[in-house]
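Peer 1: Quick one: the structure is below, questions incoming.
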Amino acid sequence: MCGIAGAVWLDPADAIDESTLKSMTATLTHRGPDDGQTYFNPSHIDGEGRSIGVGLGFRRLSIIDVEGSRQPMANETEDIHMVFNGEIYNYQSLQKRLQAAGHRFLTDGDGETILHGYEDHHAEVFSQLVGMFAVAIWDGRRHQLVLARDRIGQKPLYYAVQRSRIVFASELKALAKIPGVCETIDPAAIDEFLTYQYIPHPGTIWKGVYKLPPGHMAVFKNGKLDVTRYWNPDFRIQRSISHADAVEQVRESLIESVRIRLRSDVPLGTFLSGGIDSSIITAVASKESAEPVRTFSIGFPESDFDETRYAAKVAEHLKTRHTRFEVTPDDISILDDLVYHYDEPFGDSSALPTWYLCRETRREVTVALSGDGGDELFAGYERYRALWLSQRIQRLLMNGRFPGSSLIRLLPDSNRQRSLVRRAKRFIEALGESPPRRYLQWLQIFPETMRASLYRDEFVERLPGTDPAEFIDSLWEATKGRDLVTRASLTDVRSYLPLDLCVKVDIASMANSLEVRQPMLDHRLVELAASLPVEHKFRGRRGKLILQDAFGDLIPEEIFTRPKMGFGIPIGSWFRNAWNDPTKKWLLGDDARILEYFRPEAIESLIGQHDSSAHNHGYRLWNLVILEKWMRRWT
């Protein structure tokens, strides 16, 4: 697990010097504290005699082949160079095939298989890889730079094209070391952030700087960039398969996915929340491991948000070496670190406990397995059940109006994680919408009407004519013909999963020099789960049925039947208590940066409604605080 950075330029006026490349690379030291190297060639000559500048930078966290596999890495003839961030789990079988084809390997690591695979298969090599990766290959034979990112989006890759130059890096902070790259905020990105709590790809908070989308590759040649998709499964297709066969295939696929992710030359453990997904991953890892697995969980003083008692039961059942940590309201002090490492506004409040979980886990192991992806693949979220239920209710109602809805909206919100009133309000407010907009209503942080009342007129004039909801609309359309629950879950696979969950885990883990592997995000399991009929996963308002049938023999039945809690934090009560005064100072003080964009009276209203418990605006206040803190740090 590592960090990569670099640049390619055709005009000397666009060149970066070697010291800038080293500075970009050094900025990523937290991603790779064990080693750092660069490749710098300011005068590569192409076939027409033109000079091209090339710089590649690399920071390494040593996991496999600890003493070898240094990067940037070159092929035998030294006309192809590569930097690579991630893990390729099928590298041993690829290595054997490439050796049989005549390639000579100098390392026992996974990265060299990409390099030699590219020599033989060019861009087709990315479709042969099983793993998580962000890759940059300078091909001196064809005088081109090739960038690629894994199918699900577990590893990040940012880039910017300016005149005759492309620059790229694992994190935006490395690109910010180049003058003129991260300079101008994109107003549309602020609008998108307040909608989703993240900024959808390919855009970023900065104009002219982009995320390479998951499952995509890009070729920079002759000053032009061509971005294409190399992984594009058809999510409209549903297989005809019996439940018994589906159970067997899911079990075999997930067991294999865990098994190949257990290979490590450094200490390894698992995250254990006490939920279904992490419990299954831990159970399978325990069966595959000759020694007790090390497990780690994080909790809160507030029992309504604390799952660690369930994690303890699973740990006892599986006989793991278990460690529990706790997050308290005092931990808001970590906000400055979060804002620095996440680079652009990122509003998922569970980044805070994830950060601490990764930090404390790193004290004992270098690699951890997590259960990310189970909810999206196997219909585990409550919002899927809400969508299923809303469709049935709409068929019974006249004009889409729910009896008594006006009275329910007047009831005060609750701080509790599973407040019935809060959930009922959100459910009713979305009933009159089309399915994708109804679904967005439950996803979004600030609804459109609330954003409109928040924005200053001057900011509204700077916004483009696009609607942030179009991002979800396009993904929803790609699942045409499937049932609503499947359409929602597969929309999440291409939005919430790569842009929220994967970003959250990658940044929190890499900031603490911890590698996190996510077995449920093996693309083969994703394709299998996506193709299954919904009745194998979801029935009678219950999701993850197939996981219970496949792994019910490994973990306590209680884990499958208890209510889902999620990985939220009690920010509703924290904003009314320990965080109340700092929030008012940050958002309404004379030096508040967000007041350039937002009306102070609208922010005061949000805080007042939250203080009085008329509404629970905890997640909205968190996103505003993150945005304010980000502006103070990066602008």
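By order of appearance in the structure tokens: chains A, B, ..., then residues from 1 within every chain, and ligands from 1 in the order shown.
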Find the nearest atom pair between each residue of stretch 137-229 of chain A and stretch 324-347 of chain A for residues within 8 Å, count only C-alpha atoms, give distances in Å to one decimal, sort rows by chain and ascending number, and present the table as JSON lines.
Peer 2:
```
{"residue": "A:Glu171", "atom": "CA", "partner": "A:Asp343", "partner_atom": "CA", "distance": 7.2}
{"residue": "A:Leu172", "atom": "CA", "partner": "A:Asp343", "partner_atom": "CA", "distance": 5.9}
{"residue": "A:Lys173", "atom": "CA", "partner": "A:Asp343", "partner_atom": "CA", "distance": 6.2}
{"residue": "A:Phe193", "atom": "CA", "partner": "A:Pro345", "partner_atom": "CA", "distance": 7.1}
{"residue": "A:Gln197", "atom": "CA", "partner": "A:Gly347", "partner_atom": "CA", "distance": 4.5}
{"residue": "A:Tyr198", "atom": "CA", "partner": "A:Phe346", "partner_atom": "CA", "distance": 5.2}
{"residue": "A:Ile199", "atom": "CA", "partner": "A:Pro345", "partner_atom": "CA", "distance": 7.8}
{"residue": "A:Thr204", "atom": "CA", "partner": "A:Glu344", "partner_atom": "CA", "distance": 7.3}
{"residue": "A:Ile205", "atom": "CA", "partner": "A:Glu344", "partner_atom": "CA", "distance": 6.0}
```
Peer 1: Limited to C-alpha atoms, could you put the picked residues into a file as a short mmCIF file (atom, residue, chain, number, x, y, z; two decimals), in the first residue's frame?
Peer 2:
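Wrote it out as selection_9.cif, contents follow:
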```cif
data_model
loop_
_atom_site.label_atom_id
_atom_site.label_comp_id
_atom_site.auth_asym_id
_atom_site.auth_seq_id
_atom_site.Cartn_x
_atom_site.Cartn_y
_atom_site.Cartn_z
CA GLU A 171 -4.05 12.67 -3.00
CA LEU A 172 -4.89 16.26 -3.86
CA LYS A 173 -2.39 17.62 -1.35
CA PHE A 193 -21.05 18.35 -1.41
CA GLN A 197 -21.64 14.82 1.69
CA TYR A 198 -19.03 14.03 -0.98
CA ILE A 199 -18.18 15.41 -4.43
CA THR A 204 -13.26 17.67 -7.29
CA ILE A 205 -13.51 20.78 -5.17
#
```
Peer 1: At a cut-off of 10 Å, using only C-alpha atoms, what residues contact stretch 150-153 of chain A? Leave out same-chain residues fewer than 6 positions from it and give the result as a CSV table (one decimal) with all heavy atoms, in the first residue's frame.
Peer 2:
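Saved result, selection-v4.csv, follows:
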```csv
chain,number,residue,atom,x,y,z
A,86,GLY,N,-1.5,-0.2,-4.2
A,86,GLY,CA,-2.6,-1.2,-4.0
A,86,GLY,C,-2.0,-2.5,-3.7
A,86,GLY,O,-0.9,-2.7,-3.3
A,126,PHE,N,-5.2,-4.5,-17.2
A,126,PHE,CA,-6.0,-4.1,-16.0
A,126,PHE,C,-7.2,-5.0,-15.8
A,126,PHE,O,-7.7,-5.2,-14.7
A,126,PHE,CB,-6.5,-2.6,-16.2
A,126,PHE,CG,-5.3,-1.7,-16.5
A,126,PHE,CD1,-5.2,-0.9,-17.6
A,126,PHE,CD2,-4.2,-1.7,-15.6
A,126,PHE,CE1,-4.1,-0.1,-17.8
A,126,PHE,CE2,-3.1,-0.9,-15.8
A,126,PHE,CZ,-3.1,0.0,-16.9
A,127,SER,N,-7.8,-5.6,-16.9
A,127,SER,CA,-8.9,-6.5,-16.8
A,127,SER,C,-8.5,-7.8,-16.2
A,127,SER,O,-9.3,-8.6,-15.8
A,127,SER,CB,-9.6,-6.7,-18.1
A,127,SER,OG,-10.1,-5.4,-18.6
A,129,LEU,N,-6.4,-8.1,-13.6
A,129,LEU,CA,-6.0,-7.9,-12.2
A,129,LEU,C,-7.2,-8.2,-11.3
A,129,LEU,O,-8.3,-7.7,-11.5
A,129,LEU,CB,-5.4,-6.5,-12.0
A,129,LEU,CG,-4.3,-6.1,-12.9
A,129,LEU,CD1,-3.9,-4.7,-12.6
A,129,LEU,CD2,-3.1,-7.0,-12.8
A,130,VAL,N,-6.9,-8.9,-10.2
A,130,VAL,CA,-7.9,-9.0,-9.1
A,130,VAL,C,-7.3,-8.3,-7.9
A,130,VAL,O,-6.2,-8.7,-7.3
A,130,VAL,CB,-8.1,-10.5,-8.7
A,130,VAL,CG1,-9.0,-10.6,-7.5
A,130,VAL,CG2,-8.7,-11.2,-9.9
A,131,GLY,N,-7.9,-7.1,-7.5
A,131,GLY,CA,-7.3,-6.4,-6.4
A,131,GLY,C,-7.8,-4.9,-6.4
A,131,GLY,O,-8.7,-4.6,-7.1
A,132,MET,N,-7.0,-4.2,-5.6
A,132,MET,CA,-7.3,-2.7,-5.5
A,132,MET,C,-6.0,-2.0,-6.0
A,132,MET,O,-4.9,-2.4,-5.6
A,132,MET,CB,-7.6,-2.3,-4.1
A,132,MET,CG,-6.7,-2.8,-3.0
A,132,MET,SD,-7.2,-2.3,-1.4
A,132,MET,CE,-5.9,-3.0,-0.4
A,133,PHE,N,-6.2,-1.0,-6.9
A,133,PHE,CA,-5.0,-0.4,-7.4
A,133,PHE,C,-5.2,1.0,-8.1
A,133,PHE,O,-6.4,1.3,-8.5
A,133,PHE,CB,-4.4,-1.3,-8.5
A,133,PHE,CG,-5.3,-1.7,-9.6
A,133,PHE,CD1,-5.5,-0.9,-10.7
A,133,PHE,CD2,-6.0,-2.9,-9.5
A,133,PHE,CE1,-6.3,-1.3,-11.8
A,133,PHE,CE2,-6.9,-3.3,-10.5
A,133,PHE,CZ,-7.0,-2.5,-11.7
A,134,ALA,N,-4.2,1.8,-8.0
A,134,ALA,CA,-4.1,3.0,-8.8
A,134,ALA,C,-2.7,2.9,-9.4
A,134,ALA,O,-1.7,2.7,-8.7
A,134,ALA,CB,-4.2,4.2,-8.0
A,135,VAL,N,-2.6,3.0,-10.8
A,135,VAL,CA,-1.4,2.7,-11.5
A,135,VAL,C,-1.0,3.8,-12.4
A,135,VAL,O,-1.9,4.4,-13.1
A,135,VAL,CB,-1.5,1.4,-12.3
A,135,VAL,CG1,-0.2,1.0,-13.0
A,135,VAL,CG2,-1.9,0.2,-11.5
A,212,LEU,N,-10.0,10.2,-11.4
A,212,LEU,CA,-10.2,9.1,-12.4
A,212,LEU,C,-11.3,8.2,-11.9
A,212,LEU,O,-11.1,7.6,-10.8
A,212,LEU,CB,-8.9,8.4,-12.7
A,212,LEU,CG,-9.0,7.3,-13.8
A,212,LEU,CD1,-9.3,8.0,-15.1
A,212,LEU,CD2,-7.7,6.5,-13.8
A,213,PRO,N,-12.4,8.0,-12.5
A,213,PRO,CA,-13.5,7.2,-12.0
A,213,PRO,C,-13.1,5.7,-11.8
A,213,PRO,O,-12.2,5.2,-12.6
A,213,PRO,CB,-14.6,7.3,-13.0
A,213,PRO,CG,-14.3,8.6,-13.8
A,213,PRO,CD,-12.8,8.7,-13.8
A,214,PRO,N,-13.7,5.0,-11.0
A,214,PRO,CA,-13.4,3.5,-10.8
A,214,PRO,C,-13.6,2.8,-12.1
A,214,PRO,O,-14.5,3.2,-12.9
A,214,PRO,CB,-14.4,3.1,-9.8
A,214,PRO,CG,-14.8,4.3,-9.0
A,214,PRO,CD,-14.7,5.4,-10.0
A,215,GLY,N,-12.8,1.8,-12.3
A,215,GLY,CA,-12.9,1.0,-13.6
A,215,GLY,C,-12.6,1.7,-14.8
A,215,GLY,O,-12.9,1.2,-15.9
A,216,HIS,N,-11.8,2.8,-14.7
A,216,HIS,CA,-11.4,3.6,-15.9
A,216,HIS,C,-9.9,3.6,-16.0
A,216,HIS,O,-9.2,3.4,-15.1
A,216,HIS,CB,-11.9,5.0,-15.8
A,216,HIS,CG,-13.4,5.2,-16.1
A,216,HIS,ND1,-14.4,4.7,-15.3
A,216,HIS,CD2,-14.0,5.8,-17.1
A,216,HIS,CE1,-15.6,5.0,-15.8
A,216,HIS,NE2,-15.4,5.7,-16.9
A,217,MET,N,-9.5,3.9,-17.3
A,217,MET,CA,-8.1,4.1,-17.6
A,217,MET,C,-8.0,5.4,-18.4
A,217,MET,O,-9.0,5.8,-19.0
A,217,MET,CB,-7.5,2.9,-18.3
A,217,MET,CG,-8.1,2.6,-19.6
A,217,MET,SD,-7.2,1.4,-20.6
A,217,MET,CE,-5.9,2.5,-21.1
A,229,ARG,N,-13.6,3.5,-20.1
A,229,ARG,CA,-13.9,2.6,-19.1
A,229,ARG,C,-13.5,1.2,-19.6
A,229,ARG,O,-13.8,0.8,-20.7
A,229,ARG,CB,-15.5,2.6,-19.0
A,229,ARG,CG,-15.9,1.6,-17.8
A,229,ARG,CD,-17.5,1.5,-17.9
A,229,ARG,NE,-18.2,2.7,-17.7
A,229,ARG,CZ,-18.5,3.1,-16.5
A,229,ARG,NH1,-18.2,2.5,-15.4
A,229,ARG,NH2,-19.2,4.3,-16.4
A,230,TYR,N,-12.7,0.5,-18.7
A,230,TYR,CA,-12.3,-0.9,-19.0
A,230,TYR,C,-13.2,-1.9,-18.3
A,230,TYR,O,-13.1,-3.1,-18.7
A,230,TYR,CB,-10.8,-1.1,-18.7
A,230,TYR,CG,-10.5,-1.2,-17.2
A,230,TYR,CD1,-10.6,-2.4,-16.5
A,230,TYR,CD2,-10.1,0.0,-16.6
A,230,TYR,CE1,-10.3,-2.4,-15.2
A,230,TYR,CE2,-9.8,-0.1,-15.2
A,230,TYR,CZ,-9.9,-1.3,-14.5
A,230,TYR,OH,-9.6,-1.3,-13.2
A,231,TRP,N,-14.0,-1.5,-17.3
A,231,TRP,CA,-14.9,-2.5,-16.6
A,231,TRP,C,-16.3,-1.9,-16.6
A,231,TRP,O,-16.5,-0.8,-16.1
A,231,TRP,CB,-14.4,-2.7,-15.2
A,231,TRP,CG,-15.2,-3.7,-14.4
A,231,TRP,CD1,-15.3,-5.0,-14.6
A,231,TRP,CD2,-16.1,-3.4,-13.3
A,231,TRP,NE1,-16.1,-5.6,-13.7
A,231,TRP,CE2,-16.6,-4.7,-12.9
A,231,TRP,CE3,-16.4,-2.3,-12.6
A,231,TRP,CZ2,-17.5,-4.8,-11.8
A,231,TRP,CZ3,-17.3,-2.4,-11.5
A,231,TRP,CH2,-17.8,-3.7,-11.1
A,232,ASN,N,-17.2,-2.6,-17.3
A,232,ASN,CA,-18.5,-2.0,-17.5
A,232,ASN,C,-19.5,-3.2,-17.5
A,232,ASN,O,-20.2,-3.5,-18.5
A,232,ASN,CB,-18.6,-1.2,-18.8
A,232,ASN,CG,-19.9,-0.4,-18.8
A,232,ASN,OD1,-20.5,-0.1,-17.8
A,232,ASN,ND2,-20.4,-0.2,-20.0
A,493,VAL,N,-23.6,1.0,-5.5
A,493,VAL,CA,-22.3,0.4,-5.8
A,493,VAL,C,-21.4,1.3,-6.7
A,493,VAL,O,-20.2,1.3,-6.6
A,493,VAL,CB,-22.5,-0.9,-6.6
A,493,VAL,CG1,-21.3,-1.4,-7.2
A,493,VAL,CG2,-23.1,-2.0,-5.6
A,494,ARG,N,-22.1,2.2,-7.4
A,494,ARG,CA,-21.3,3.1,-8.3
A,494,ARG,C,-21.3,4.6,-7.8
A,494,ARG,O,-20.8,5.4,-8.5
A,494,ARG,CB,-21.9,3.0,-9.7
A,494,ARG,CG,-21.4,1.8,-10.5
A,494,ARG,CD,-21.8,1.8,-11.9
A,494,ARG,NE,-21.0,0.8,-12.7
A,494,ARG,CZ,-21.3,0.4,-13.8
A,494,ARG,NH1,-22.5,0.7,-14.4
A,494,ARG,NH2,-20.6,-0.5,-14.4
A,495,SER,N,-21.9,4.8,-6.6
A,495,SER,CA,-21.8,6.2,-6.1
A,495,SER,C,-21.4,6.2,-4.6
A,495,SER,O,-20.2,6.5,-4.3
A,495,SER,CB,-23.2,6.8,-6.2
A,495,SER,OG,-24.2,6.0,-5.6
A,497,LEU,N,-20.7,3.8,-2.5
A,497,LEU,CA,-19.6,2.9,-2.2
A,497,LEU,C,-18.2,3.5,-2.5
A,497,LEU,O,-17.3,3.6,-1.7
A,497,LEU,CB,-19.8,1.5,-2.8
A,497,LEU,CG,-18.8,0.4,-2.5
A,497,LEU,CD1,-18.8,0.2,-1.0
A,497,LEU,CD2,-19.2,-0.8,-3.2
A,498,PRO,N,-18.0,3.9,-3.8
A,498,PRO,CA,-16.6,4.4,-4.1
A,498,PRO,C,-16.4,5.8,-3.7
A,498,PRO,O,-15.2,6.1,-3.4
A,498,PRO,CB,-16.6,4.3,-5.7
A,498,PRO,CG,-18.0,4.4,-6.1
A,498,PRO,CD,-18.8,3.7,-5.0
A,499,LEU,N,-17.4,6.6,-3.6
A,499,LEU,CA,-17.2,8.0,-3.3
A,499,LEU,C,-17.3,8.4,-1.8
A,499,LEU,O,-16.8,9.4,-1.4
A,499,LEU,CB,-18.2,8.9,-4.1
A,499,LEU,CG,-17.9,8.9,-5.6
A,499,LEU,CD1,-19.2,9.3,-6.3
A,499,LEU,CD2,-16.8,9.9,-5.9
A,501,LEU,N,-17.7,5.4,1.2
A,501,LEU,CA,-17.1,4.4,2.0
A,501,LEU,C,-15.7,4.1,1.6
A,501,LEU,O,-14.8,4.0,2.5
A,501,LEU,CB,-17.9,3.1,1.9
A,501,LEU,CG,-19.4,3.2,2.4
A,501,LEU,CD1,-20.0,1.8,2.4
A,501,LEU,CD2,-19.5,3.8,3.8
A,502,CYS,N,-15.3,4.0,0.4
A,502,CYS,CA,-14.0,3.7,0.0
A,502,CYS,C,-13.0,4.8,0.3
A,502,CYS,O,-11.9,4.6,0.7
A,502,CYS,CB,-13.9,3.3,-1.5
A,502,CYS,SG,-14.6,1.6,-1.8
A,503,VAL,N,-13.5,6.0,0.1
A,503,VAL,CA,-12.7,7.2,0.4
A,503,VAL,C,-12.5,7.3,1.9
A,503,VAL,O,-11.3,7.5,2.4
A,503,VAL,CB,-13.4,8.5,-0.1
A,503,VAL,CG1,-12.7,9.8,0.4
A,503,VAL,CG2,-13.4,8.5,-1.6
A,506,ASP,N,-10.0,4.5,2.9
A,506,ASP,CA,-8.6,4.7,2.3
A,506,ASP,C,-7.9,5.8,3.0
A,506,ASP,O,-6.7,5.6,3.4
A,506,ASP,CB,-8.7,5.0,0.8
A,506,ASP,CG,-7.4,5.4,0.2
A,506,ASP,OD1,-6.5,4.5,0.0
A,506,ASP,OD2,-7.1,6.6,0.1
A,521,LEU,N,-15.4,-6.5,-1.7
A,521,LEU,CA,-15.3,-5.7,-2.9
A,521,LEU,C,-14.5,-6.3,-4.0
A,521,LEU,O,-14.1,-5.7,-5.0
A,521,LEU,CB,-14.7,-4.3,-2.6
A,521,LEU,CG,-15.5,-3.5,-1.5
A,521,LEU,CD1,-15.0,-2.1,-1.4
A,521,LEU,CD2,-17.0,-3.5,-1.9
A,522,ASP,N,-14.2,-7.6,-3.9
A,522,ASP,CA,-13.7,-8.4,-5.0
A,522,ASP,C,-14.6,-8.3,-6.2
A,522,ASP,O,-15.8,-8.5,-6.0
A,522,ASP,CB,-13.5,-9.8,-4.6
A,522,ASP,CG,-12.7,-10.6,-5.6
A,522,ASP,OD1,-13.2,-10.7,-6.8
A,522,ASP,OD2,-11.7,-11.2,-5.2
A,523,HIS,N,-14.1,-7.8,-7.3
A,523,HIS,CA,-15.1,-7.5,-8.4
A,523,HIS,C,-15.9,-8.8,-8.9
A,523,HIS,O,-17.0,-8.7,-9.4
A,523,HIS,CB,-14.3,-6.9,-9.6
A,523,HIS,CG,-13.5,-7.9,-10.4
A,523,HIS,ND1,-12.2,-8.3,-10.1
A,523,HIS,CD2,-13.8,-8.6,-11.6
A,523,HIS,CE1,-11.8,-9.1,-11.0
A,523,HIS,NE2,-12.7,-9.4,-11.9
A,526,VAL,N,-18.8,-8.9,-6.6
A,526,VAL,CA,-19.7,-7.8,-6.9
A,526,VAL,C,-20.5,-8.2,-8.1
A,526,VAL,O,-21.7,-8.0,-8.2
A,526,VAL,CB,-18.8,-6.5,-7.2
A,526,VAL,CG1,-19.8,-5.4,-7.8
A,526,VAL,CG2,-18.2,-6.0,-5.9
```
Peer 1: Tell me, in Å to one decimal, how far atom CA of A:Asp110 is from atom CA of A:Arg251.
Peer 2: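 Separation of atom CA of A:Asp110 and atom CA of A:Arg251: 26.2 Å.
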Peer 1: With only C-alpha atoms as the counted atoms, please give the residues lying no more than 12 Å from A:Glu252, apart from itself and same-chain residues fewer than 3 positions off, as a PyMOL selection string.
Peer 2: chain A and resi 245-249+255-259+284+524-525+528+547+550-551
Peer 1: Enumerate, as a PyMOL selection string, the complete set of residues in stretch 353-547 of chain A that a backbone-based DSSP assignment places in alpha helix (DSSP H).
Peer 2: chain A and resi 353-361+374-377+382-396+405-410+420-429+435-443+448-454+457-462+470-477+484-493+496+502-511+523-531+545-547
Peer 1: Just to confirm, what's the straight-line distance from atom CA of A:Arg321 to atom CA of A:Arg261 in Å (one decimal)?
Peer 2: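 Between atom CA of A:Arg321 and atom CA of A:Arg261 the gap is 19.2 Å.
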